[in-house]
Amino acid sequence: MEITRLAIAPDGPAAPTGSSALDVEHGADATISYRLTRYATLATGGHAERVLVSEASTLSGRFESLRFDALAADGTLRASVSEVDQGLRIGFDAPRRIVAIRLAASRAATGSQLELYRLDGTTRAPEPAVVLLGSSELLNSAAGRRPAEERVDGPRPIPLAPPIERLVRRPTATRFPVDLVSTAVDLVLRGTSLQGVDLLGIDIQSPPAAPRIVLRLETGEAEEARVWQVGGEVVDGDPAGQVEAGRETAATLQRSLDRVATGPGSMLPRNLAMAITFESDAPCRFASHDLRVEYRLIRSSLPSGRDKETRILAAGERQEFPIEVPGDALIHALRLDASISAGAERPVGEPLGAPRIREGLELDSSRGAAQAVEVPHAMRLAAVALHLRPLDDAIRVAVAWTGDDQGRPLRGGDRELGEIELDGARNRDQWAMFTPPAPLRLAAGRYWLLVRVRRGRVLWATDEIAAAGHSAPLRIVTDADRDPAADGAAVPERTARTRLLAAGGNQGPALRATIAAVEVPATPGPTSGSLVFDATAAATAWLASNRGSGLRDLPVVLHADVALRLTLYPPYLEYDLTP
């Protein structure tokens with residue numbers, strides 16, 4: 001989706017192309033700025049939670065000087081004229097660059113001398129700042145006045161009505177070229193006096209001053225964000241006045257949209273009004289070249305509004321998990337993330353009993369442990385279960401697997417089994433499952449589990465070696481970043497409670513998904529045990545025959561080939577709206 005059209009008002013007609021003058025605006029703090037505001041609409045359809053703006057967006061144009069007649073200007077830009085001391089006193093709203101003065105030709109013939117005096121308060125300077133001689137260049141003027149936005153670069157003929165064929169006497173003016181910046185001047189025509197009717201025009205050249213672009217979303221809070229700015233004055237031809245602010249516009253709009261989004265499950269308004277304002281501290285023009293704001297819509301929440309959903313599936317069980325999709329969506333990406341906490345059919349040795357810790361070894365970020373594990377026969381290791389009790393509210397535990405080197409962990413032979421977080425489980429005994437991305441093929445023999453606590457404190461349940469029925473010493477790791485083989489501390493009389501979970505006879509994937517009657521393969525996710533189902537193609541095909549307004553439930557069926565505990569995360573949907 002994209003925006004290429006700007007309007008002169010919200011929901012108004014398209015703004016004219018080309019160069020436009022900025023309008024004067026008085027601030028509440030008595031400041032005066034000049035603004036040109038244009039509007040656009042971001043359509044969301046009422047079912048999107050977020051908007052994703054593309055960095056490929058473009059916004060280009062140019063700030064230009066404005067040349068206007070100060071006698072014909074509106075509001076504060078209009079110059080004041082009074083007769084004083086055989087001349088005229090001209091006052092401006094701010095220091096302005098005078099580029100030409102036009103007097104009636106009957107009062108100032110060729111060779112006339114016009115003098116401009118600066119003022120100190122109301123006192124005229126003793127010597128003129130500029131002395132000018134009347135030129136022979138004559139300018140046509142329809143009524144002695146011109147609109148403020150018109151350029152006065154040369155003669156302009158007066159159009160004649162079709163029935164009138166006779167010659168019309170045109171009033172003429174003598175033009176005096178000037179280059180003077182002042183707030184007020186006295187005009188004196190040497191040898192004669194001037195009256196107000198003799199002054200036909202004062203041409204002003206106003207370059208942009210501190211030009212800038214501001215973006216605002218019409219959300220009721222009137223919060224503005226600066227997109228682009230140049231400090232100081234910009235003269236014509238200055239590269240600083242050229243605007244190339246596509247990436248800046250995209251980044252500013254994205255930040256504003258992120259503030260509007262209130263969280264998962266909360267929908268954005270059906271239409272978001274956006275205002276782009278071109279500002280300057282001095283009168284000027286803005287010439288628009290190109291605008292293209294590309295964006296897509298995002299949905300990423302569960303219907304329940306929770307951040308994740310946990311399900312228990314028995315071997316061979318099927319469960320439905322519908323995903324809400326707008327019926328008028330053009331899908332660019334739809335994926336479902338899941339995490340398998342335990343994928344196994346049976347434990348090796350004793351079954352997993354009810355977790356209850358009588359004695360244990362306390363571990364934290366400075367003290368981990370290495371547990372010797374006897375593997376009685378060749379197996380495919382699907383998961384490892386540790387008997388733990390979190391002692392804090394937020395725990396993060398990492399487990400690695402390595403071989404045996406004469407009764408010690410094999411140096412440099414770690415293989416990560418994964419990390420898990422135990423949130424809100426303080427003082428609750430549990431079996432924590434660590435699942436590698438793929439089952440490990442193990443020969444019979446001795447191995448070592450390396451347990452490190454990344455955050456918080458945890459208690460690892462222990463038993464006496466005699467009660468465990470086999471020799472499995474427990475070694476302390478005092479520094480999580482060091483090789484445990486270098487540590488000599490050990491707990492010779494105790495072993496930690498650990499269970500190995502073997503993969504079952506089914507060699508296929510533990511979890512499969514059928515989306516819109518199409519089986520979608522799973523790919524490994526970024527963390528251990530996580531899976532990603534790319535449903536883009538299946539959902540697109542399904543929407544082709546289920547298109548319409550409102551939300552549709554995309555049918556998703558999950559198949560468990562082995563018993564598992566499944567965590568489902570919010571599906572990620574990125575889409576456009578179709579006409």
# chains A, B, ... in the order shown; residues from 1 in each chain; ligands from 1
$ closest_atom_pairs --of "range 285-391 of chain A" --to "range 398-421 of chain A" --cutoff "10 Å" --atoms "only C-alpha atoms" --output "CSV"
residue,atom,partner,partner_atom,distance
A:Ser341,CA,A:Ile420,CA,9.2
A:Gly368,CA,A:Ala398,CA,9.9
A:Ala369,CA,A:Val399,CA,10.0
A:Ala370,CA,A:Pro409,CA,7.5
A:Gln371,CA,A:Pro409,CA,8.9
A:Ala372,CA,A:Pro409,CA,8.1
A:Val373,CA,A:Asp404,CA,9.5
A:Ala382,CA,A:Leu417,CA,9.9
A:Ala383,CA,A:Leu417,CA,8.2
A:Val384,CA,A:Leu417,CA,8.3
A:Leu386,CA,A:Val399,CA,9.7
$ residues_around --residues "Val532 in chain A" --least-positions-apart "6" --cutoff "7 Å" --atoms "only C-alpha atoms" --output "VMD selection string"
chain A and resid 335 to 338 522 to 525
$ write_last_selection --atoms "N, CA and C atoms" --output "CSV table (one decimal), in the first residue's frame"
chain,number,residue,atom,x,y,z
A,335,ARG,N,3.1,-16.3,9.4
A,335,ARG,CA,3.8,-17.5,10.1
A,335,ARG,C,3.3,-17.7,11.5
A,336,LEU,N,3.5,-18.9,11.9
A,336,LEU,CA,3.0,-19.4,13.2
A,336,LEU,C,4.3,-19.9,13.9
A,337,ASP,N,4.6,-19.4,15.1
A,337,ASP,CA,5.7,-19.8,15.9
A,337,ASP,C,5.2,-20.7,17.0
A,338,ALA,N,5.9,-21.8,17.3
A,338,ALA,CA,5.6,-22.7,18.3
A,338,ALA,C,6.9,-23.2,19.0
A,522,ALA,N,7.4,-27.7,9.0
A,522,ALA,CA,8.0,-26.9,10.1
A,522,ALA,C,9.5,-26.7,9.8
A,523,THR,N,10.0,-25.5,10.1
A,523,THR,CA,11.4,-25.3,10.1
A,523,THR,C,11.9,-24.9,11.5
A,524,PRO,N,13.2,-25.2,11.8
A,524,PRO,CA,13.7,-24.9,13.1
A,524,PRO,C,13.6,-23.4,13.4
A,525,GLY,N,13.2,-23.0,14.6
A,525,GLY,CA,13.2,-21.5,14.9
A,525,GLY,C,14.5,-21.1,15.5
$ residues_around --residues "range 274-280 of chain A" --least-positions-apart "3" --cutoff "8 Å" --atoms "only C-alpha atoms" --output "JSON, numbers by chain"
{"A": [22, 33, 34, 35, 36, 37, 38, 39, 40, 41, 42, 208, 209, 210, 211, 212, 213, 214, 215, 216, 217, 218, 283, 284, 286]}
$ write_last_selection --atoms "C-alpha atoms" --output "PDB file, in the first residue's frame"
ATOM      1  CA  LEU A  22       3.553  29.309   2.606  1.00  0.00           C
ATOM      2  CA  SER A  33       5.848  31.407  11.131  1.00  0.00           C
ATOM      3  CA  TYR A  34       4.926  30.534   7.593  1.00  0.00           C
ATOM      4  CA  ARG A  35       3.336  27.173   6.868  1.00  0.00           C
ATOM      5  CA  LEU A  36       2.004  25.082   4.026  1.00  0.00           C
ATOM      6  CA  THR A  37       0.103  22.000   5.224  1.00  0.00           C
ATOM      7  CA  ARG A  38      -0.942  19.055   3.118  1.00  0.00           C
ATOM      8  CA  TYR A  39      -2.909  15.985   4.175  1.00  0.00           C
ATOM      9  CA  ALA A  40      -2.995  12.274   3.410  1.00  0.00           C
ATOM     10  CA  THR A  41      -4.875   9.233   4.704  1.00  0.00           C
ATOM     11  CA  LEU A  42      -3.477   5.856   5.768  1.00  0.00           C
ATOM     12  CA  PRO A 208      13.498  30.577   3.286  1.00  0.00           C
ATOM     13  CA  ALA A 209      14.707  30.955   6.875  1.00  0.00           C
ATOM     14  CA  ALA A 210      15.262  27.762   8.908  1.00  0.00           C
ATOM     15  CA  PRO A 211      13.071  25.721   6.523  1.00  0.00           C
ATOM     16  CA  ARG A 212      11.729  22.507   7.993  1.00  0.00           C
ATOM     17  CA  ILE A 213       9.201  19.712   7.492  1.00  0.00           C
ATOM     18  CA  VAL A 214       6.937  18.559  10.328  1.00  0.00           C
ATOM     19  CA  LEU A 215       4.699  15.485  10.430  1.00  0.00           C
ATOM     20  CA  ARG A 216       1.604  15.035  12.553  1.00  0.00           C
ATOM     21  CA  LEU A 217      -0.911  12.207  12.915  1.00  0.00           C
ATOM     22  CA  GLU A 218      -4.439  13.474  13.563  1.00  0.00           C
ATOM     23  CA  PRO A 283       7.899  33.983   3.610  1.00  0.00           C
ATOM     24  CA  CYS A 284       8.916  31.492   0.921  1.00  0.00           C
ATOM     25  CA  PHE A 286       7.815  25.045  -1.537  1.00  0.00           C
TER      26      PHE A 286
END
$ residues_around --residues "range 90-101 of chain A" --least-positions-apart "4" --cutoff "8 Å" --atoms "only C-alpha atoms" --output "list in words"
Thr76, Leu77, Arg78, Ala79, Ser80, Val81, Ser82, Arg175, Phe176, Pro177, Val178, Asp179, Leu180, Val181, Ser182, Thr183, Ala184, Val185, Asp186, Leu187, Leu199, Leu200, Gly201, Ile202, Asp203, Ile204, Gln205 and Ser206 of chain A
$ atom_distance --atom1 "CA of Ala282 in chain A" --atom2 "CA of Ser20 in chain A"
14.2 Å
$ select_by_dssp --residues "range 392-444 of chain A" --states "strand (DSSP E or B)" --output "ChimeraX atom specification"
/A:394-404,409,415-423,430-434,440-442
$ atom_distance --atom1 "CA of Ala225 in chain A" --atom2 "CA of Ser256 in chain A"
7.7 Å
$ closest_residue --among "A:Phe63, A:Ala105, A:Ala173, A:Leu381" --to "Asp238 in chain A" --atoms "only C-alpha atoms"
A:Phe63
$ residues_around --residues "Val131 in chain A" --least-positions-apart "6" --cutoff "7 Å" --atoms "only C-alpha atoms" --output "list in words"
Gln113, Leu114, Glu115 and Leu116 of chain A
$ write_last_selection --atoms "N, CA and C atoms" --output "PDB file, in the first residue's frame"
ATOM      1  N   GLN A 113      16.558  60.796  -9.835  1.00  0.00           N
ATOM      2  CA  GLN A 113      17.395  60.249  -8.760  1.00  0.00           C
ATOM      3  C   GLN A 113      16.532  59.944  -7.542  1.00  0.00           C
ATOM      4  N   LEU A 114      16.491  58.656  -7.159  1.00  0.00           N
ATOM      5  CA  LEU A 114      15.727  58.220  -5.989  1.00  0.00           C
ATOM      6  C   LEU A 114      16.712  57.852  -4.881  1.00  0.00           C
ATOM      7  N   GLU A 115      16.464  58.363  -3.682  1.00  0.00           N
ATOM      8  CA  GLU A 115      17.347  58.122  -2.544  1.00  0.00           C
ATOM      9  C   GLU A 115      16.591  57.356  -1.461  1.00  0.00           C
ATOM     10  N   LEU A 116      17.255  56.340  -0.882  1.00  0.00           N
ATOM     11  CA  LEU A 116      16.693  55.532   0.202  1.00  0.00           C
ATOM     12  C   LEU A 116      17.523  55.792   1.451  1.00  0.00           C
TER      13      LEU A 116
END
$ atom_distance --atom1 "CA of Arg426 in chain A" --atom2 "CA of Arg565 in chain A"
20.7 Å
$ closest_residue --among "A:Val556, A:Ala251, A:Ile3, A:Leu474" --to "Val53 in chain A" --atoms "only C-alpha atoms"
A:Ala251
$ closest_residue --among "A:Ser549, A:Ser266, A:Ser530, A:Thr252" --to "Tyr569 in chain A" --atoms "only C-alpha atoms"
A:Ser530
$ closest_residue --among "A:Asp11, A:Asp561, A:Glu574, A:Asp463" --to "Leu272 in chain A" --atoms "only C-alpha atoms"
A:Asp11
$ closest_residue --among "A:Met1, A:Leu554, A:Leu133, A:Val260" --to "Thr44 in chain A" --atoms "only C-alpha atoms"
A:Met1
$ residues_around --residues "Gly548 in chain A" --least-positions-apart "4" --cutoff "10 Å" --atoms "only C-alpha atoms" --output "JSON, numbers by chain"
{"A": [326, 327, 328, 329, 543, 544, 552]}
$ select_by_dssp --residues "range 220-420 of chain A" --states "alpha helix (DSSP H)" --output "PyMOL selection string"
chain A and resi 246-260
$ write_last_selection --atoms "all heavy atoms" --output "mmCIF file, in the first residue's frame"
data_model
loop_
_atom_site.group_PDB
_atom_site.id
_atom_site.type_symbol
_atom_site.label_atom_id
_atom_site.label_comp_id
_atom_site.auth_asym_id
_atom_site.auth_seq_id
_atom_site.Cartn_x
_atom_site.Cartn_y
_atom_site.Cartn_z
ATOM 1 N N GLY A 246 13.026 11.002 2.191
ATOM 2 C CA GLY A 246 12.184 9.803 2.192
ATOM 3 C C GLY A 246 12.417 8.931 3.403
ATOM 4 O O GLY A 246 11.478 8.540 4.101
ATOM 5 N N ARG A 247 13.682 8.599 3.681
ATOM 6 C CA ARG A 247 13.994 7.730 4.826
ATOM 7 C C ARG A 247 13.622 8.421 6.135
ATOM 8 O O ARG A 247 13.118 7.771 7.062
ATOM 9 C CB ARG A 247 15.475 7.367 4.823
ATOM 10 C CG ARG A 247 15.885 6.450 3.686
ATOM 11 C CD ARG A 247 17.391 6.241 3.673
ATOM 12 N NE ARG A 247 17.849 5.606 4.885
ATOM 13 C CZ ARG A 247 17.972 4.295 5.051
ATOM 14 N NH1 ARG A 247 17.638 3.486 4.065
ATOM 15 N NH2 ARG A 247 18.419 3.780 6.169
ATOM 16 N N GLU A 248 13.868 9.740 6.219
ATOM 17 C CA GLU A 248 13.522 10.468 7.432
ATOM 18 C C GLU A 248 12.008 10.501 7.639
ATOM 19 O O GLU A 248 11.511 10.355 8.762
ATOM 20 C CB GLU A 248 14.066 11.898 7.376
ATOM 21 C CG GLU A 248 15.578 11.986 7.392
ATOM 22 C CD GLU A 248 16.188 11.813 6.015
ATOM 23 O OE1 GLU A 248 15.450 11.457 5.072
ATOM 24 O OE2 GLU A 248 17.410 12.043 5.874
ATOM 25 N N THR A 249 11.264 10.674 6.548
ATOM 26 C CA THR A 249 9.800 10.664 6.648
ATOM 27 C C THR A 249 9.303 9.304 7.116
ATOM 28 O O THR A 249 8.420 9.208 7.976
ATOM 29 C CB THR A 249 9.175 11.026 5.293
ATOM 30 O OG1 THR A 249 9.633 12.321 4.896
ATOM 31 C CG2 THR A 249 7.668 11.027 5.366
ATOM 32 N N ALA A 250 9.857 8.239 6.543
ATOM 33 C CA ALA A 250 9.443 6.886 6.932
ATOM 34 C C ALA A 250 9.741 6.623 8.406
ATOM 35 O O ALA A 250 8.900 6.087 9.134
ATOM 36 C CB ALA A 250 10.144 5.853 6.048
ATOM 37 N N ALA A 251 10.945 7.006 8.861
ATOM 38 C CA ALA A 251 11.314 6.753 10.265
ATOM 39 C C ALA A 251 10.452 7.570 11.211
ATOM 40 O O ALA A 251 10.002 7.063 12.266
ATOM 41 C CB ALA A 251 12.794 7.077 10.473
ATOM 42 N N THR A 252 10.178 8.837 10.876
ATOM 43 C CA THR A 252 9.353 9.677 11.743
ATOM 44 C C THR A 252 7.923 9.179 11.792
ATOM 45 O O THR A 252 7.302 9.116 12.862
ATOM 46 C CB THR A 252 9.390 11.137 11.249
ATOM 47 O OG1 THR A 252 10.742 11.573 11.168
ATOM 48 C CG2 THR A 252 8.633 12.043 12.192
ATOM 49 N N LEU A 253 7.389 8.806 10.645
ATOM 50 C CA LEU A 253 6.026 8.280 10.606
ATOM 51 C C LEU A 253 5.925 6.979 11.386
ATOM 52 O O LEU A 253 4.934 6.741 12.095
ATOM 53 C CB LEU A 253 5.590 8.081 9.153
ATOM 54 C CG LEU A 253 4.190 7.507 8.933
ATOM 55 C CD1 LEU A 253 3.135 8.394 9.578
ATOM 56 C CD2 LEU A 253 3.914 7.340 7.442
ATOM 57 N N GLN A 254 6.950 6.119 11.278
ATOM 58 C CA GLN A 254 6.927 4.857 12.014
ATOM 59 C C GLN A 254 6.895 5.096 13.518
ATOM 60 O O GLN A 254 6.134 4.450 14.252
ATOM 61 C CB GLN A 254 8.147 4.012 11.643
ATOM 62 C CG GLN A 254 8.138 2.605 12.234
ATOM 63 C CD GLN A 254 7.042 1.750 11.625
ATOM 64 O OE1 GLN A 254 7.105 1.368 10.471
ATOM 65 N NE2 GLN A 254 6.014 1.453 12.407
ATOM 66 N N ARG A 255 7.716 6.041 14.014
ATOM 67 C CA ARG A 255 7.705 6.337 15.451
ATOM 68 C C ARG A 255 6.345 6.877 15.891
ATOM 69 O O ARG A 255 5.841 6.502 16.959
ATOM 70 C CB ARG A 255 8.808 7.341 15.778
ATOM 71 C CG ARG A 255 10.218 6.768 15.699
ATOM 72 C CD ARG A 255 11.225 7.709 16.331
ATOM 73 N NE ARG A 255 11.300 8.984 15.642
ATOM 74 C CZ ARG A 255 12.129 9.240 14.645
ATOM 75 N NH1 ARG A 255 12.959 8.290 14.204
ATOM 76 N NH2 ARG A 255 12.158 10.432 14.072
ATOM 77 N N SER A 256 5.746 7.718 15.082
ATOM 78 C CA SER A 256 4.434 8.263 15.433
ATOM 79 C C SER A 256 3.372 7.174 15.441
ATOM 80 O O SER A 256 2.512 7.131 16.326
ATOM 81 C CB SER A 256 4.052 9.382 14.449
ATOM 82 O OG SER A 256 4.983 10.446 14.492
ATOM 83 N N LEU A 257 3.428 6.275 14.465
ATOM 84 C CA LEU A 257 2.455 5.177 14.412
ATOM 85 C C LEU A 257 2.638 4.219 15.573
ATOM 86 O O LEU A 257 1.662 3.677 16.113
ATOM 87 C CB LEU A 257 2.589 4.442 13.082
ATOM 88 C CG LEU A 257 2.096 5.199 11.847
ATOM 89 C CD1 LEU A 257 2.569 4.508 10.576
ATOM 90 C CD2 LEU A 257 0.576 5.313 11.857
ATOM 91 N N ASP A 258 3.886 3.974 15.971
ATOM 92 C CA ASP A 258 4.134 3.070 17.102
ATOM 93 C C ASP A 258 3.562 3.641 18.389
ATOM 94 O O ASP A 258 3.145 2.893 19.281
ATOM 95 C CB ASP A 258 5.634 2.816 17.255
ATOM 96 C CG ASP A 258 6.201 1.973 16.118
ATOM 97 O OD1 ASP A 258 5.395 1.332 15.414
ATOM 98 O OD2 ASP A 258 7.425 1.954 15.930
ATOM 99 N N ARG A 259 3.540 4.978 18.516
ATOM 100 C CA ARG A 259 2.940 5.584 19.707
ATOM 101 C C ARG A 259 1.423 5.462 19.689
ATOM 102 O O ARG A 259 0.780 5.368 20.735
ATOM 103 C CB ARG A 259 3.341 7.052 19.811
ATOM 104 C CG ARG A 259 4.789 7.270 20.235
ATOM 105 C CD ARG A 259 5.030 8.703 20.636
ATOM 106 N NE ARG A 259 4.916 9.611 19.518
ATOM 107 C CZ ARG A 259 5.933 9.986 18.765
ATOM 108 N NH1 ARG A 259 7.152 9.518 19.007
ATOM 109 N NH2 ARG A 259 5.761 10.821 17.763
ATOM 110 N N VAL A 260 0.836 5.437 18.500
ATOM 111 C CA VAL A 260 -0.614 5.307 18.387
ATOM 112 C C VAL A 260 -1.057 3.892 18.720
ATOM 113 O O VAL A 260 -2.090 3.676 19.358
ATOM 114 C CB VAL A 260 -1.075 5.709 16.972
ATOM 115 C CG1 VAL A 260 -2.558 5.431 16.782
ATOM 116 C CG2 VAL A 260 -0.781 7.179 16.729
#
$ residues_around --residues "Arg454 in chain A" --least-positions-apart "4" --cutoff "8 Å" --atoms "only C-alpha atoms" --output "list in words"
Asp364, Ser365, Ile395, Arg396, Val397 and Ala398 of chain A
$ closest_residue --among "A:Ala261, A:Leu568, A:Val243, A:Ile357" --to "Thr462 in chain A" --atoms "only C-alpha atoms"
A:Ile357
